[in-house]
Amino acid sequence: MNLWALVIATIVGCYLLKLAGYLVPARVLDHPRTRRLVELLPVALLAALVVVEALANGRHLEFNGPRLAGFAVGAVAVWRRAPFLVVVVAAAVTAALLRLA
Amino acid sequence: MTATEPDDTARRSAIRDSLGVGLAVGAYGFAFGAASVAAGLSVLQTCLLSLLAFTGGTQFAVVGVVAGGGTLVAALGSGLLLASRNTLYAMRLAPLLNVRGARRFVAAHGTIDESTAMAIAQRTPILSRVAFWWTFAGVFTFWNLSTLLGAAGASALGNPNRFGLDAVIPAAFLALLAPRLRAGAIERRVAVGGALIAAILIPITPPGVPVLASCAALLLAGTVRGRPA
């Protein structure tokens with residue numbers, strides 16, 4: 001894959017999506033259904049990303065013990081509404097320690 | 001007209017909170033920098049994404065699909081679909097910030113989850129503007145610094161999974177998802193649907209497709225509030 005093409009397309013696309021909200025008249029995009037759709041889109045995508053990052057190794061489902069344990073500890077921290085730094089450190093330390101053991 | 005000016009205490013408190021948010025995302029930037037280099041992007045490409053794309057969830061999604069061996073189209077598609085929420089934020093912020101001319105182009109760059117949330121949470125439009133610009137400045141500074149440190153660190157230290165990075169990434173996505181899960185039952189249903197679609201597709205489709213296909217879970221929302229347009 002051409003990584004430079006991906007980087008540039010991501011940069012341009014992200015900026016245009018942000019700018020569109022300032023330049024396009026609100027009535028063009030601001031239908032309740034469009035709004036709801038765009039609000040729910042990240043919910044589906046983020047949930048899928050959680051699963052893929054936790055369980056996928058390329059095209060295989062992989063149940064990697066330290067990774068899943070670290071993720072589980074991080075998930076408890078999220079559930080307990082811990083600050084983001086705590087979530088990151090808890091997940092990383094758990095997985096790293098289990099790999100040392 | 002001192003009555004329309006925010007008093008110093010409220011202003012200082014908005015600035016302090018905004019910079020606090022900036023510091024908090026620093027941890028996330030560190031993880032992004034490391035993940036991006038581990039996925040095969042150079043330190044320069046990684047830092048350019050943080051400087052110029054400047055929207056964390058999307059950046060993570062793009063390098064995640066690259067790391068999994070997905071195609072350019074799958075990586076870009078997942079990233080831009082996730083970035084489309086910034087358009088809604090911009091529409092919400094445009095009347096609040098009341099920016100004109102060239103400043104609109106700068107405000108657009110700073111339109112992300114954190115700056116929008118902080119701006120909307122303020123009591124007056126003046127405080128909203130203070131919160132937007134200071135959160136933008138704080139997040140931009142710490143996000144880019146921590147991206148550079150994470151990327152340079154990962155290229156110096158080797159496989160970041162030794163340090164548990166592979167456990168951090170799904171936890172980071174969950175942290176982004178959590179406030180949306182608390183928003184309502186439809187959100188939770190769409191999330192479960194998206195997660196199931198991804199889990200089922202991982203072994204049978206090319207990398208990247210499970211994430212893109214999760215959008216079909218939005219049809220689950222249609223059964224309650226009319227089919228989404």
# chains A, B, ... in the order shown; residues from 1 in each chain; ligands from 1
call {"tool": "residues_around", "arguments": {"residues": "B:Pro170", "least_positions_apart": "6", "cutoff": "7 Å", "atoms": "only C-alpha atoms", "output": "PyMOL selection string"}}
result
chain A and resi 50+53-54+71
call {"tool": "write_last_selection", "arguments": {"atoms": "C-alpha atoms", "output": "mmCIF file, in the first residue's frame"}}
result
data_model
loop_
_atom_site.group_PDB
_atom_site.id
_atom_site.type_symbol
_atom_site.label_atom_id
_atom_site.label_comp_id
_atom_site.auth_asym_id
_atom_site.auth_seq_id
_atom_site.Cartn_x
_atom_site.Cartn_y
_atom_site.Cartn_z
ATOM 1 C CA VAL A 50 -12.746 -2.356 19.937
ATOM 2 C CA GLU A 53 -8.188 -4.444 17.966
ATOM 3 C CA ALA A 54 -8.866 -6.861 20.822
ATOM 4 C CA PHE A 71 -7.869 -4.789 27.725
#
call {"tool": "residues_around", "arguments": {"residues": "stretch 74-80 of chain A", "least_positions_apart": "4", "cutoff": "12 Å", "atoms": "only C-alpha atoms", "output": "tab-separated table (two decimals) with N, CA and C atoms, in the first residue's frame"}}
result
chain	number	residue	atom	x	y	z
A	50	VAL	N	-13.08	-1.70	18.66
A	50	VAL	CA	-12.75	-2.36	19.94
A	50	VAL	C	-12.57	-3.86	19.70
A	54	ALA	N	-9.03	-5.91	19.72
A	54	ALA	CA	-8.87	-6.86	20.82
A	54	ALA	C	-8.69	-8.29	20.30
A	67	ARG	N	-2.91	-9.62	26.10
A	67	ARG	CA	-3.63	-8.52	25.47
A	67	ARG	C	-5.05	-8.42	26.02
A	68	LEU	N	-5.73	-9.58	26.09
A	68	LEU	CA	-7.12	-9.56	26.57
A	68	LEU	C	-7.20	-9.18	28.04
A	69	ALA	N	-6.22	-9.62	28.84
A	69	ALA	CA	-6.21	-9.27	30.26
A	69	ALA	C	-5.99	-7.76	30.43
A	70	GLY	N	-5.05	-7.21	29.65
A	70	GLY	CA	-4.80	-5.77	29.71
A	70	GLY	C	-6.02	-4.98	29.28
A	84	PHE	N	-8.35	9.12	31.45
A	84	PHE	CA	-7.81	8.39	30.32
A	84	PHE	C	-6.40	7.85	30.59
A	85	LEU	N	-5.59	8.66	31.29
A	85	LEU	CA	-4.22	8.24	31.60
A	85	LEU	C	-4.22	6.94	32.40
A	86	VAL	N	-5.16	6.83	33.34
A	86	VAL	CA	-5.26	5.63	34.17
A	86	VAL	C	-5.63	4.42	33.32
A	87	VAL	N	-6.56	4.63	32.37
A	87	VAL	CA	-6.97	3.54	31.47
A	87	VAL	C	-5.77	3.01	30.69
A	88	VAL	N	-5.01	3.94	30.12
A	88	VAL	CA	-3.85	3.56	29.29
A	88	VAL	C	-2.81	2.82	30.12
A	89	VAL	N	-2.46	3.40	31.27
A	89	VAL	CA	-1.40	2.80	32.09
A	89	VAL	C	-1.85	1.44	32.63
A	90	ALA	N	-3.10	1.34	33.07
A	90	ALA	CA	-3.59	0.08	33.63
A	90	ALA	C	-3.55	-1.03	32.57
A	91	ALA	N	-3.99	-0.72	31.35
A	91	ALA	CA	-4.00	-1.73	30.28
A	91	ALA	C	-2.58	-2.12	29.90
A	92	ALA	N	-1.70	-1.13	29.76
A	92	ALA	CA	-0.33	-1.40	29.32
A	92	ALA	C	0.44	-2.20	30.38
A	93	VAL	N	0.34	-1.77	31.63
A	93	VAL	CA	1.10	-2.43	32.70
A	93	VAL	C	0.64	-3.88	32.87
A	94	THR	N	-0.68	-4.10	32.82
A	94	THR	CA	-1.19	-5.47	32.97
A	94	THR	C	-0.64	-6.39	31.88
A	95	ALA	N	-0.75	-5.94	30.62
A	95	ALA	CA	-0.28	-6.78	29.51
A	95	ALA	C	1.23	-6.99	29.58
B	164	GLY	N	2.77	-3.56	26.16
B	164	GLY	CA	1.32	-3.66	26.30
B	164	GLY	C	0.52	-2.76	25.38
B	165	LEU	N	1.15	-2.23	24.33
B	165	LEU	CA	0.42	-1.31	23.44
B	165	LEU	C	-0.82	-1.97	22.82
B	166	ASP	N	-0.69	-3.27	22.50
B	166	ASP	CA	-1.82	-3.96	21.85
B	166	ASP	C	-3.04	-4.04	22.76
B	167	ALA	N	-2.83	-3.95	24.09
B	167	ALA	CA	-3.96	-3.93	25.02
B	167	ALA	C	-4.51	-2.51	25.18
B	168	VAL	N	-3.61	-1.52	24.99
B	168	VAL	CA	-4.02	-0.12	25.16
B	168	VAL	C	-4.98	0.31	24.06
B	169	ILE	N	-4.74	-0.15	22.82
B	169	ILE	CA	-5.52	0.36	21.69
B	169	ILE	C	-7.02	0.03	21.79
B	170	PRO	N	-7.40	-1.24	22.03
B	170	PRO	CA	-8.85	-1.47	22.18
B	170	PRO	C	-9.43	-0.75	23.39
B	171	ALA	N	-8.63	-0.62	24.46
B	171	ALA	CA	-9.11	0.11	25.64
B	171	ALA	C	-9.33	1.59	25.31
B	172	ALA	N	-8.45	2.12	24.44
B	172	ALA	CA	-8.59	3.53	24.03
B	172	ALA	C	-9.87	3.74	23.23
B	173	PHE	N	-10.16	2.80	22.32
B	173	PHE	CA	-11.41	2.91	21.56
B	173	PHE	C	-12.62	2.79	22.48
B	174	LEU	N	-12.51	1.91	23.48
B	174	LEU	CA	-13.61	1.75	24.42
B	174	LEU	C	-13.84	3.04	25.22
B	175	ALA	N	-12.74	3.72	25.57
B	175	ALA	CA	-12.86	4.98	26.31
B	175	ALA	C	-13.57	6.04	25.46
B	176	LEU	N	-13.32	6.03	24.14
B	176	LEU	CA	-14.01	6.97	23.25
B	176	LEU	C	-15.49	6.60	23.11
B	177	LEU	N	-15.76	5.29	23.16
B	177	LEU	CA	-17.12	4.80	22.96
B	177	LEU	C	-18.00	5.00	24.21
B	178	ALA	N	-17.37	4.92	25.39
B	178	ALA	CA	-18.12	4.87	26.65
B	178	ALA	C	-19.17	5.97	26.84
B	179	PRO	N	-18.80	7.24	26.61
B	179	PRO	CA	-19.84	8.27	26.83
B	179	PRO	C	-21.04	8.11	25.91
B	181	LEU	N	-22.17	5.15	24.87
B	181	LEU	CA	-22.95	4.02	25.41
B	181	LEU	C	-23.85	4.49	26.54
B	182	ARG	N	-23.39	5.51	27.28
B	182	ARG	CA	-24.18	6.01	28.39
B	182	ARG	C	-25.31	6.92	27.92
call {"tool": "residues_around", "arguments": {"residues": "B:Ala183", "least_positions_apart": "5", "cutoff": "12 Å", "atoms": "only C-alpha atoms", "output": "PyMOL selection string"}}
result
(chain A and resi 39-40+43) or (chain B and resi 177-178+188-191)
call {"tool": "write_last_selection", "arguments": {"atoms": "N, CA and C atoms", "output": "CSV table (one decimal), in the first residue's frame"}}
result
chain,number,residue,atom,x,y,z
A,39,GLU,N,-24.5,10.9,14.2
A,39,GLU,CA,-24.2,10.7,15.6
A,39,GLU,C,-24.0,9.2,15.9
A,40,LEU,N,-24.7,8.4,15.2
A,40,LEU,CA,-24.7,6.9,15.5
A,40,LEU,C,-23.5,6.2,14.8
A,43,VAL,N,-20.6,5.3,16.9
A,43,VAL,CA,-20.9,4.2,17.9
A,43,VAL,C,-20.7,2.8,17.2
B,177,LEU,N,-15.8,5.3,23.2
B,177,LEU,CA,-17.1,4.8,23.0
B,177,LEU,C,-18.0,5.0,24.2
B,178,ALA,N,-17.4,4.9,25.4
B,178,ALA,CA,-18.1,4.9,26.7
B,178,ALA,C,-19.2,6.0,26.8
B,188,ARG,N,-26.6,1.8,22.6
B,188,ARG,CA,-26.0,0.5,23.1
B,188,ARG,C,-26.4,-0.6,22.1
B,189,ARG,N,-27.6,-0.5,21.5
B,189,ARG,CA,-28.0,-1.6,20.5
B,189,ARG,C,-27.1,-1.5,19.3
B,190,VAL,N,-26.8,-0.3,18.8
B,190,VAL,CA,-26.0,-0.1,17.6
B,190,VAL,C,-24.6,-0.6,17.9
B,191,ALA,N,-24.1,-0.3,19.2
B,191,ALA,CA,-22.7,-0.7,19.5
B,191,ALA,C,-22.6,-2.3,19.5
call {"tool": "closest_residue", "arguments": {"among": "B:Leu212, B:Leu81, B:Ala39, B:Val99", "to": "B:Gly69", "atoms": "only C-alpha atoms"}}
result
B:Ala39
call {"tool": "residues_around", "arguments": {"residues": "B:Phe132", "least_positions_apart": "6", "cutoff": "8 Å", "atoms": "only C-alpha atoms", "output": "list of chain:residue names"}}
result
B:Ser18, B:Ser115, B:Thr116, B:Met118, B:Ala119
